[in-house]
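File shown: model-v7.pdb. Contents: PDB, C-alpha atoms.
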```pdb
ATOM      1  CA  MET A   1       0.000   0.000   0.000
ATOM      2  CA  ALA A   2       1.392   3.392  -0.953
ATOM      3  CA  TYR A   3       1.252   6.154   1.606
ATOM      4  CA  ILE A   4       1.172   9.595   0.019
ATOM      5  CA  ILE A   5       2.817  11.999   2.450
ATOM      6  CA  GLU A   6       1.406  15.176   0.884
ATOM      7  CA  GLU A   7      -2.191  14.052   1.495
ATOM      8  CA  ASN A   8      -1.621  13.754   5.243
ATOM      9  CA  PHE A   9       0.943  16.547   5.667
ATOM     10  CA  PRO A  10      -0.009  19.336   3.215
ATOM     11  CA  GLY A  11       2.960  21.470   4.303
ATOM     12  CA  VAL A  12       5.314  18.996   2.642
ATOM     13  CA  ARG A  13       3.971  19.739  -0.849
ATOM     14  CA  GLY A  14       6.437  22.004  -2.621
ATOM     15  CA  ALA A  15       8.654  22.304   0.463
ATOM     16  CA  GLY A  16      10.168  18.827   0.622
ATOM     17  CA  ILE A  17      11.081  16.830   3.690
ATOM     18  CA  THR A  18      13.908  17.721   6.056
ATOM     19  CA  THR A  19      14.726  15.835   9.221
ATOM     20  CA  ALA A  20      17.470  15.824  11.819
ATOM     21  CA  GLU A  21      16.473  12.326  12.898
ATOM     22  CA  ASN A  22      17.465   8.920  11.554
ATOM     23  CA  VAL A  23      15.243   7.584   8.784
ATOM     24  CA  THR A  24      14.870   3.896   8.003
ATOM     25  CA  ILE A  25      13.393   2.756   4.716
ATOM     26  CA  SER A  26      12.678  -0.914   4.096
ATOM     27  CA  GLY A  27      11.999  -2.057   0.585
ATOM     28  CA  THR A  28      12.609  -0.095  -2.598
ATOM     29  CA  LEU A  29      13.132   3.662  -2.565
ATOM     30  CA  THR A  30      12.453   5.384  -5.876
ATOM     31  CA  VAL A  31      13.554   8.988  -6.227
ATOM     32  CA  THR A  32      12.608  11.178  -9.179
ATOM     33  CA  GLY A  33      14.158  14.560  -9.813
ATOM     34  CA  THR A  34      17.157  16.225  -8.197
ATOM     35  CA  THR A  35      18.080  14.678  -4.872
ATOM     36  CA  ASN A  36      20.603  15.686  -2.243
ATOM     37  CA  ILE A  37      21.525  12.922   0.163
ATOM     38  CA  ALA A  38      24.274  13.838   2.629
ATOM     39  CA  ALA A  39      26.049  11.631   5.165
ATOM     40  CA  VAL A  40      24.322   8.499   3.963
ATOM     41  CA  SER A  41      25.317   4.896   4.590
ATOM     42  CA  LEU A  42      24.046   2.407   2.033
ATOM     43  CA  THR A  43      24.330  -1.351   1.859
ATOM     44  CA  ASP A  44      23.057  -1.817  -1.700
ATOM     45  CA  LEU A  45      22.728   1.066  -4.154
ATOM     46  CA  THR A  46      21.715   0.824  -7.788
ATOM     47  CA  VAL A  47      21.816   4.053  -9.755
ATOM     48  CA  THR A  48      20.806   4.604 -13.371
ATOM     49  CA  GLY A  49      21.180   7.652 -15.572
ATOM     50  CA  ASN A  50      23.449  10.628 -14.952
ATOM     51  CA  THR A  51      24.093  10.682 -11.222
ATOM     52  CA  ILE A  52      26.275  12.773  -8.968
ATOM     53  CA  ILE A  53      27.126  11.297  -5.592
ATOM     54  CA  GLY A  54      28.564  13.879  -3.240
ATOM     55  CA  ASN A  55      30.133  17.234  -3.966
ATOM     56  CA  ALA A  56      32.746  16.839  -6.697
ATOM     57  CA  VAL A  57      34.959  19.459  -5.039
ATOM     58  CA  THR A  58      34.928  18.613  -1.337
ATOM     59  CA  ASP A  59      33.499  15.127  -0.724
ATOM     60  CA  THR A  60      35.107  11.702  -0.710
ATOM     61  CA  LEU A  61      33.421   8.548  -1.919
ATOM     62  CA  ALA A  62      34.684   5.412  -0.195
ATOM     63  CA  ILE A  63      33.761   2.026  -1.590
ATOM     64  CA  THR A  64      34.462  -1.030   0.529
ATOM     65  CA  GLY A  65      34.542  -4.379  -1.199
ATOM     66  CA  ALA A  66      34.629  -5.426  -4.808
ATOM     67  CA  SER A  67      32.874  -3.093  -7.257
ATOM     68  CA  THR A  68      31.963  -3.459 -10.903
ATOM     69  CA  ILE A  69      31.292  -0.690 -13.396
ATOM     70  CA  THR A  70      29.519  -1.814 -16.555
ATOM     71  CA  SER A  71      29.846   0.646 -19.422
ATOM     72  CA  THR A  72      30.311   0.841 -23.186
ATOM     73  CA  SER A  73      31.413   4.468 -23.049
ATOM     74  CA  ALA A  74      34.571   6.092 -24.393
ATOM     75  CA  SER A  75      34.787   7.638 -20.909
ATOM     76  CA  ALA A  76      33.620   4.737 -18.722
ATOM     77  CA  LEU A  77      35.664   6.109 -15.818
ATOM     78  CA  THR A  78      37.483   9.422 -15.679
ATOM     79  CA  VAL A  79      39.376  10.842 -12.730
ATOM     80  CA  GLY A  80      40.914  14.288 -12.454
ATOM     81  CA  ALA A  81      40.689  17.714 -10.871
ATOM     82  CA  ASN A  82      38.488  18.892 -13.755
ATOM     83  CA  GLY A  83      36.497  15.698 -14.198
ATOM     84  CA  ALA A  84      36.480  14.535 -17.823
ATOM     85  CA  THR A  85      38.458  17.620 -18.915
ATOM     86  CA  ASN A  86      42.161  16.673 -18.884
ATOM     87  CA  PRO A  87      41.724  13.628 -16.615
ATOM     88  CA  VAL A  88      44.693  11.937 -14.950
ATOM     89  CA  LEU A  89      43.038   8.544 -15.519
ATOM     90  CA  LYS A  90      40.607   7.559 -18.274
ATOM     91  CA  ILE A  91      39.137   4.126 -18.947
ATOM     92  CA  VAL A  92      37.807   3.636 -22.487
ATOM     93  CA  ALA A  93      35.341   0.746 -22.766
ATOM     94  CA  SER A  94      33.712   1.493 -26.115
ATOM     95  CA  THR A  95      35.327  -1.228 -28.232
ATOM     96  CA  ALA A  96      32.475  -3.481 -29.351
ATOM     97  CA  SER A  97      34.489  -6.708 -29.302
ATOM     98  CA  GLU A  98      36.449  -5.813 -26.178
ATOM     99  CA  ALA A  99      38.120  -8.855 -24.604
ATOM    100  CA  THR A 100      41.408  -7.454 -23.267
ATOM    101  CA  GLY A 101      42.373  -5.212 -20.395
ATOM    102  CA  VAL A 102      44.972  -4.321 -17.802
ATOM    103  CA  SER A 103      45.489  -5.756 -14.339
ATOM    104  CA  VAL A 104      47.343  -3.709 -11.720
ATOM    105  CA  THR A 105      48.500  -5.541  -8.611
ATOM    106  CA  GLY A 106      50.080  -3.794  -5.676
ATOM    107  CA  ALA A 107      52.525  -5.294  -3.187
ATOM    108  CA  ALA A 108      54.128  -4.505   0.150
ATOM    109  CA  ALA A 109      56.590  -1.615   0.376
ATOM    110  CA  ALA A 110      59.627  -2.207  -1.856
ATOM    111  CA  GLY A 111      57.732  -5.073  -3.540
ATOM    112  CA  GLY A 112      56.957  -3.164  -6.709
ATOM    113  CA  VAL A 113      53.769  -3.060  -8.765
ATOM    114  CA  ALA A 114      52.747  -5.645 -11.350
ATOM    115  CA  VAL A 115      51.053  -4.374 -14.517
ATOM    116  CA  ALA A 116      49.813  -7.081 -16.866
ATOM    117  CA  ALA A 117      47.680  -7.439 -19.974
ATOM    118  CA  ILE A 118      44.644  -9.648 -19.342
ATOM    119  CA  SER A 119      42.546 -11.373 -21.953
ATOM    120  CA  SER A 120      40.215 -14.238 -22.670
ATOM    121  CA  GLY A 121      43.067 -15.474 -24.892
ATOM    122  CA  THR A 122      46.711 -16.183 -24.111
ATOM    123  CA  ASP A 123      49.983 -14.293 -24.580
ATOM    124  CA  GLU A 124      48.298 -10.886 -24.808
ATOM    125  CA  ALA A 125      50.482  -7.875 -25.700
ATOM    126  CA  LEU A 126      50.779  -4.795 -23.484
ATOM    127  CA  THR A 127      51.364  -1.549 -25.384
ATOM    128  CA  ILE A 128      52.287   1.701 -23.638
ATOM    129  CA  ASP A 129      51.868   4.854 -25.768
TER     130      ASP A 129
END
```
Spell out the structure here as C-alpha coordinates.
Amino acid sequence: MAYIIEENFPGVRGAGITTAENVTISGTLTVTGTTNIAAVSLTDLTVTGNTIIGNAVTDTLAITGASTITSTSASALTVGANGATNPVLKIVASTASEATGVSVTGAAAAGGVAVAAISSGTDEALTID
(Lines of atoms letter the chains of each structure in order from A and count residues from 1; the text may use other names and numbers.)
(Lines give C-alpha, C1' and ligand atoms only; values in the text may rest on other atoms or scores of the structure.)
Protein backbone atom coordinates (compact mmCIF):
# COMPACT_ATOMS: atom_id res chain seq x y z
CA MET A 1 0.00 0.00 0.00
CA ALA A 2 1.39 3.39 -0.95
CA TYR A 3 1.25 6.15 1.61
CA ILE A 4 1.17 9.59 0.02
CA ILE A 5 2.82 12.00 2.45
CA GLU A 6 1.41 15.18 0.88
CA GLU A 7 -2.19 14.05 1.50
CA ASN A 8 -1.62 13.75 5.24
CA PHE A 9 0.94 16.55 5.67
CA PRO A 10 -0.01 19.34 3.22
CA GLY A 11 2.96 21.47 4.30
CA VAL A 12 5.31 19.00 2.64
CA ARG A 13 3.97 19.74 -0.85
CA GLY A 14 6.44 22.00 -2.62
CA ALA A 15 8.65 22.30 0.46
CA GLY A 16 10.17 18.83 0.62
CA ILE A 17 11.08 16.83 3.69
CA THR A 18 13.91 17.72 6.06
CA THR A 19 14.73 15.83 9.22
CA ALA A 20 17.47 15.82 11.82
CA GLU A 21 16.47 12.33 12.90
CA ASN A 22 17.47 8.92 11.55
CA VAL A 23 15.24 7.58 8.78
CA THR A 24 14.87 3.90 8.00
CA ILE A 25 13.39 2.76 4.72
CA SER A 26 12.68 -0.91 4.10
CA GLY A 27 12.00 -2.06 0.58
CA THR A 28 12.61 -0.09 -2.60
CA LEU A 29 13.13 3.66 -2.56
CA THR A 30 12.45 5.38 -5.88
CA VAL A 31 13.55 8.99 -6.23
CA THR A 32 12.61 11.18 -9.18
CA GLY A 33 14.16 14.56 -9.81
CA THR A 34 17.16 16.23 -8.20
CA THR A 35 18.08 14.68 -4.87
CA ASN A 36 20.60 15.69 -2.24
CA ILE A 37 21.53 12.92 0.16
CA ALA A 38 24.27 13.84 2.63
CA ALA A 39 26.05 11.63 5.16
CA VAL A 40 24.32 8.50 3.96
CA SER A 41 25.32 4.90 4.59
CA LEU A 42 24.05 2.41 2.03
CA THR A 43 24.33 -1.35 1.86
CA ASP A 44 23.06 -1.82 -1.70
CA LEU A 45 22.73 1.07 -4.15
CA THR A 46 21.72 0.82 -7.79
CA VAL A 47 21.82 4.05 -9.75
CA THR A 48 20.81 4.60 -13.37
CA GLY A 49 21.18 7.65 -15.57
CA ASN A 50 23.45 10.63 -14.95
CA THR A 51 24.09 10.68 -11.22
CA ILE A 52 26.28 12.77 -8.97
CA ILE A 53 27.13 11.30 -5.59
CA GLY A 54 28.56 13.88 -3.24
CA ASN A 55 30.13 17.23 -3.97
CA ALA A 56 32.75 16.84 -6.70
CA VAL A 57 34.96 19.46 -5.04
CA THR A 58 34.93 18.61 -1.34
CA ASP A 59 33.50 15.13 -0.72
CA THR A 60 35.11 11.70 -0.71
CA LEU A 61 33.42 8.55 -1.92
CA ALA A 62 34.68 5.41 -0.19
CA ILE A 63 33.76 2.03 -1.59
CA THR A 64 34.46 -1.03 0.53
CA GLY A 65 34.54 -4.38 -1.20
CA ALA A 66 34.63 -5.43 -4.81
CA SER A 67 32.87 -3.09 -7.26
CA THR A 68 31.96 -3.46 -10.90
CA ILE A 69 31.29 -0.69 -13.40
CA THR A 70 29.52 -1.81 -16.55
CA SER A 71 29.85 0.65 -19.42
CA THR A 72 30.31 0.84 -23.19
CA SER A 73 31.41 4.47 -23.05
CA ALA A 74 34.57 6.09 -24.39
CA SER A 75 34.79 7.64 -20.91
CA ALA A 76 33.62 4.74 -18.72
CA LEU A 77 35.66 6.11 -15.82
CA THR A 78 37.48 9.42 -15.68
CA VAL A 79 39.38 10.84 -12.73
CA GLY A 80 40.91 14.29 -12.45
CA ALA A 81 40.69 17.71 -10.87
CA ASN A 82 38.49 18.89 -13.75
CA GLY A 83 36.50 15.70 -14.20
CA ALA A 84 36.48 14.53 -17.82
CA THR A 85 38.46 17.62 -18.91
CA ASN A 86 42.16 16.67 -18.88
CA PRO A 87 41.72 13.63 -16.62
CA VAL A 88 44.69 11.94 -14.95
CA LEU A 89 43.04 8.54 -15.52
CA LYS A 90 40.61 7.56 -18.27
CA ILE A 91 39.14 4.13 -18.95
CA VAL A 92 37.81 3.64 -22.49
CA ALA A 93 35.34 0.75 -22.77
CA SER A 94 33.71 1.49 -26.11
CA THR A 95 35.33 -1.23 -28.23
CA ALA A 96 32.48 -3.48 -29.35
CA SER A 97 34.49 -6.71 -29.30
CA GLU A 98 36.45 -5.81 -26.18
CA ALA A 99 38.12 -8.86 -24.60
CA THR A 100 41.41 -7.45 -23.27
CA GLY A 101 42.37 -5.21 -20.40
CA VAL A 102 44.97 -4.32 -17.80
CA SER A 103 45.49 -5.76 -14.34
CA VAL A 104 47.34 -3.71 -11.72
CA THR A 105 48.50 -5.54 -8.61
CA GLY A 106 50.08 -3.79 -5.68
CA ALA A 107 52.53 -5.29 -3.19
CA ALA A 108 54.13 -4.51 0.15
CA ALA A 109 56.59 -1.61 0.38
CA ALA A 110 59.63 -2.21 -1.86
CA GLY A 111 57.73 -5.07 -3.54
CA GLY A 112 56.96 -3.16 -6.71
CA VAL A 113 53.77 -3.06 -8.76
CA ALA A 114 52.75 -5.65 -11.35
CA VAL A 115 51.05 -4.37 -14.52
CA ALA A 116 49.81 -7.08 -16.87
CA ALA A 117 47.68 -7.44 -19.97
CA ILE A 118 44.64 -9.65 -19.34
CA SER A 119 42.55 -11.37 -21.95
CA SER A 120 40.22 -14.24 -22.67
CA GLY A 121 43.07 -15.47 -24.89
CA THR A 122 46.71 -16.18 -24.11
CA ASP A 123 49.98 -14.29 -24.58
CA GLU A 124 48.30 -10.89 -24.81
CA ALA A 125 50.48 -7.87 -25.70
CA LEU A 126 50.78 -4.80 -23.48
CA THR A 127 51.36 -1.55 -25.38
CA ILE A 128 52.29 1.70 -23.64
CA ASP A 129 51.87 4.85 -25.77
Checklist entry - Using all atoms listed in the file, which residues sit within 10 Å of Ser119 (chain A) once same-chain residues fewer than 4 positions away are excluded, as a VMD selection string? => result chain A and resid 98 to 103 123 to 125
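The space separating CA of Thr78 (chain A) from CA of Ile91 (chain A) comes to 6.4 Å.
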Item to check | For CA of Asp129 (chain A) and CA of Gly112 (chain A), the interatomic separation in Å (one decimal) | outcome: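 If I compute the distance from CA of Asp129 (chain A) to CA of Gly112 (chain A), I get 21.3 Å.
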Checklist entry - What is the CA of Thr105 (chain A) to CA of Ser67 (chain A) distance in Å? => result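 According to the coordinates, CA of Thr105 (chain A) and CA of Ser67 (chain A) are separated by 15.9 Å.
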Checklist entry - What lies within 10 Å of Ser75 (chain A) using only C-alpha atoms, ignoring chain neighbours under 4 positions off, as an MDAnalysis selection string? => result chainID A and resid 71 79 84 89:94
Taking N, CA, C and O atoms as the atom set, what does region 59-78 of chain A look like once completed, written as an mmCIF file, in the coordinates of the input?
```
data_model
loop_
_atom_site.group_PDB
_atom_site.id
_atom_site.type_symbol
_atom_site.label_atom_id
_atom_site.label_comp_id
_atom_site.auth_asym_id
_atom_site.auth_seq_id
_atom_site.Cartn_x
_atom_site.Cartn_y
_atom_site.Cartn_z
ATOM 1 N N ASP A 59 33.862 16.399 -1.345
ATOM 2 C CA ASP A 59 33.499 15.127 -0.724
ATOM 3 C C ASP A 59 34.393 13.981 -1.173
ATOM 4 O O ASP A 59 35.061 14.051 -2.186
ATOM 5 N N THR A 60 34.368 12.923 -0.414
ATOM 6 C CA THR A 60 35.107 11.702 -0.710
ATOM 7 C C THR A 60 34.111 10.559 -0.789
ATOM 8 O O THR A 60 33.237 10.440 0.054
ATOM 9 N N LEU A 61 34.253 9.732 -1.781
ATOM 10 C CA LEU A 61 33.421 8.548 -1.919
ATOM 11 C C LEU A 61 34.290 7.346 -1.602
ATOM 12 O O LEU A 61 35.302 7.112 -2.252
ATOM 13 N N ALA A 62 33.936 6.607 -0.575
ATOM 14 C CA ALA A 62 34.684 5.412 -0.195
ATOM 15 C C ALA A 62 33.843 4.192 -0.523
ATOM 16 O O ALA A 62 32.689 4.120 -0.141
ATOM 17 N N ILE A 63 34.442 3.256 -1.230
ATOM 18 C CA ILE A 63 33.761 2.026 -1.590
ATOM 19 C C ILE A 63 34.531 0.886 -0.947
ATOM 20 O O ILE A 63 35.724 0.729 -1.175
ATOM 21 N N THR A 64 33.842 0.111 -0.136
ATOM 22 C CA THR A 64 34.462 -1.030 0.529
ATOM 23 C C THR A 64 33.983 -2.304 -0.140
ATOM 24 O O THR A 64 32.787 -2.503 -0.296
ATOM 25 N N GLY A 65 34.908 -3.135 -0.538
ATOM 26 C CA GLY A 65 34.542 -4.379 -1.199
ATOM 27 C C GLY A 65 34.694 -4.273 -2.704
ATOM 28 O O GLY A 65 35.007 -3.223 -3.245
ATOM 29 N N ALA A 66 34.493 -5.376 -3.354
ATOM 30 C CA ALA A 66 34.629 -5.426 -4.808
ATOM 31 C C ALA A 66 33.516 -4.614 -5.469
ATOM 32 O O ALA A 66 32.379 -4.617 -5.010
ATOM 33 N N SER A 67 33.850 -3.902 -6.529
ATOM 34 C CA SER A 67 32.874 -3.093 -7.257
ATOM 35 C C SER A 67 33.041 -3.325 -8.749
ATOM 36 O O SER A 67 34.147 -3.536 -9.230
ATOM 37 N N THR A 68 31.950 -3.270 -9.458
ATOM 38 C CA THR A 68 31.963 -3.459 -10.903
ATOM 39 C C THR A 68 31.271 -2.279 -11.563
ATOM 40 O O THR A 68 30.187 -1.888 -11.143
ATOM 41 N N ILE A 69 31.908 -1.741 -12.583
ATOM 42 C CA ILE A 69 31.292 -0.690 -13.396
ATOM 43 C C ILE A 69 31.077 -1.295 -14.779
ATOM 44 O O ILE A 69 32.018 -1.765 -15.408
ATOM 45 N N THR A 70 29.837 -1.295 -15.230
ATOM 46 C CA THR A 70 29.519 -1.814 -16.555
ATOM 47 C C THR A 70 29.224 -0.632 -17.462
ATOM 48 O O THR A 70 28.328 0.156 -17.191
ATOM 49 N N SER A 71 30.012 -0.501 -18.534
ATOM 50 C CA SER A 71 29.846 0.646 -19.422
ATOM 51 C C SER A 71 30.379 0.312 -20.807
ATOM 52 O O SER A 71 31.309 -0.479 -20.951
ATOM 53 N N THR A 72 29.789 0.925 -21.824
ATOM 54 C CA THR A 72 30.311 0.841 -23.186
ATOM 55 C C THR A 72 30.683 2.236 -23.662
ATOM 56 O O THR A 72 30.623 2.538 -24.844
ATOM 57 N N SER A 73 31.111 3.078 -22.755
ATOM 58 C CA SER A 73 31.413 4.468 -23.049
ATOM 59 C C SER A 73 32.898 4.673 -23.356
ATOM 60 O O SER A 73 33.760 3.960 -22.848
ATOM 61 N N ALA A 74 33.188 5.692 -24.145
ATOM 62 C CA ALA A 74 34.571 6.092 -24.393
ATOM 63 C C ALA A 74 35.164 6.762 -23.162
ATOM 64 O O ALA A 74 36.373 6.990 -23.101
ATOM 65 N N SER A 75 34.334 7.083 -22.189
ATOM 66 C CA SER A 75 34.787 7.638 -20.909
ATOM 67 C C SER A 75 34.084 6.882 -19.779
ATOM 68 O O SER A 75 33.364 7.463 -18.977
ATOM 69 N N ALA A 76 34.296 5.570 -19.717
ATOM 70 C CA ALA A 76 33.620 4.737 -18.722
ATOM 71 C C ALA A 76 33.979 5.165 -17.307
ATOM 72 O O ALA A 76 33.149 5.132 -16.412
ATOM 73 N N LEU A 77 35.220 5.596 -17.112
ATOM 74 C CA LEU A 77 35.664 6.109 -15.818
ATOM 75 C C LEU A 77 36.713 7.179 -16.080
ATOM 76 O O LEU A 77 37.688 6.937 -16.794
ATOM 77 N N THR A 78 36.493 8.354 -15.566
ATOM 78 C CA THR A 78 37.483 9.422 -15.679
ATOM 79 C C THR A 78 37.737 9.993 -14.299
ATOM 80 O O THR A 78 36.815 10.160 -13.502
#
```
